[in-house]
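Visitor: First the structure, which I've put down as structure tokens, then a few questions once you've had a look.
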Amino acid sequence: MAKKTEKTPQETVEKENILPDSTSLTLNELLQIKGDLAQFVDMIENAMDFNLSTIERMRKRGSGIRRYGFIDKTSDIAADNMQFAPRMFSATELKNLIRKIEELRSILLIANQFSRTINDVLLIAGDEAFQIALMYYNSVRELARRRVPGAEATFRTLQPFFRHRRPADEEPTEEEVLRDVKAALHGRKDAKIVIENEAPRMVGGKHIVVDETLKKRGGFKETEEGEIN
């Protein structure tokens with residue numbers, strides 16, 4: 001009876017079907033979309049007389065819901081009461097600007113929808129790429145455990161990308177707390193840091209540190225909490 005050989009994880013991965021690209025977009029199609037968008041942006045920028053700086057952009061009041069309502073109502077009233085209009089006022093120009101605002105809002109709506117779609121495609125592609133890369137990582141990790149020559153060095157190269165979580169009952173170090181405090185004070189991250197200390201008496205004191213560091217986009221990046229009695 002022939003001896004059954006055990007397959008390595010890498011051989012198993014090679015025989016399995018790799019995850020299909022569910023985005024259904026080829027690389028050439030993505031390059032075409034990128035080129036068309038670049039031409040569209042160039043067309044808009046060339047049609048503009050100037051580019052707003054950050055300060056100039058902050059000073060512009062734009063046409064929000066209330067302002068747009070005011071603009072539209074003024075246009076209707078002014079058309080029937082031109083005797084009250086100042087000399088430099090142009091009802092025609094105001095009407096044209098209102099139509100331009102409406103078209104720009106429609107374009108922005110389409111652009112936002114396009115942005116959401118691209119973000120979804122990017123999320124799917126990133127997830128699929130990570131799953132495939134994870135197959136290789138898991139294979140190398142298993143081969144390193146089996147002492148396969150060369151696998152250990154490859155595994156150690158990839159291992160730092162996986163962060164080890166701190167145990168829930170372990171308190172953050174003083175250096176980590178100071179780092180988060182400095183980052184929060186300088187506006188580099190959102191954080192909630194609470195330090196409670198009870199001085200030792202007859203039985204003993206209590207020292208609690210809670211360090212909740214937030215991502216800039218919202219949501220907790222990590223929560224470190226510990227208690228010493």
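Just remember, in the structure tokens the first chain shown is A, the second B, etc., residues are 1-based per chain, and ligands are 1-based in the order shown.
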Applying 8 Å and only C-alpha atoms, which residues near segment 66-78 of chain A remain after dropping the ones on its own chain fewer than 4 positions away? List them as a PyMOL selection string.
Guide: chain A and resi 62+82+84-85+91+94-95+98
Visitor: Just list the residues in segment 67-200 of chain A DSSP gives strand (DSSP E) on the backbone, as a ChimeraX atom specification.
Guide: /A:190-198
Visitor: May I have the selected residues written with N, CA and C atoms, as an mmCIF file, in the first residue's frame?
Guide:
```
data_model
loop_
_atom_site.group_PDB
_atom_site.id
_atom_site.type_symbol
_atom_site.label_atom_id
_atom_site.label_comp_id
_atom_site.auth_asym_id
_atom_site.auth_seq_id
_atom_site.Cartn_x
_atom_site.Cartn_y
_atom_site.Cartn_z
ATOM 1 N N ASP A 190 -7.911 61.898 18.447
ATOM 2 C CA ASP A 190 -8.941 62.053 19.464
ATOM 3 C C ASP A 190 -8.718 60.997 20.543
ATOM 4 N N ALA A 191 -8.833 61.411 21.785
ATOM 5 C CA ALA A 191 -8.573 60.461 22.863
ATOM 6 C C ALA A 191 -9.350 60.864 24.107
ATOM 7 N N LYS A 192 -9.679 59.861 24.914
ATOM 8 C CA LYS A 192 -10.279 60.069 26.229
ATOM 9 C C LYS A 192 -9.411 59.335 27.238
ATOM 10 N N ILE A 193 -8.730 60.084 28.082
ATOM 11 C CA ILE A 193 -7.787 59.511 29.029
ATOM 12 C C ILE A 193 -8.214 59.894 30.438
ATOM 13 N N VAL A 194 -8.456 58.891 31.276
ATOM 14 C CA VAL A 194 -8.895 59.104 32.653
ATOM 15 C C VAL A 194 -7.898 58.437 33.590
ATOM 16 N N ILE A 195 -7.415 59.192 34.570
ATOM 17 C CA ILE A 195 -6.480 58.655 35.556
ATOM 18 C C ILE A 195 -7.072 58.890 36.940
ATOM 19 N N GLU A 196 -7.335 57.807 37.646
ATOM 20 C CA GLU A 196 -7.847 57.885 39.010
ATOM 21 C C GLU A 196 -6.819 57.266 39.954
ATOM 22 N N ASN A 197 -6.536 57.950 41.046
ATOM 23 C CA ASN A 197 -5.545 57.447 41.985
ATOM 24 C C ASN A 197 -6.044 57.631 43.407
ATOM 25 N N GLU A 198 -5.967 56.577 44.185
ATOM 26 C CA GLU A 198 -6.328 56.612 45.603
ATOM 27 C C GLU A 198 -5.090 56.255 46.414
#
```
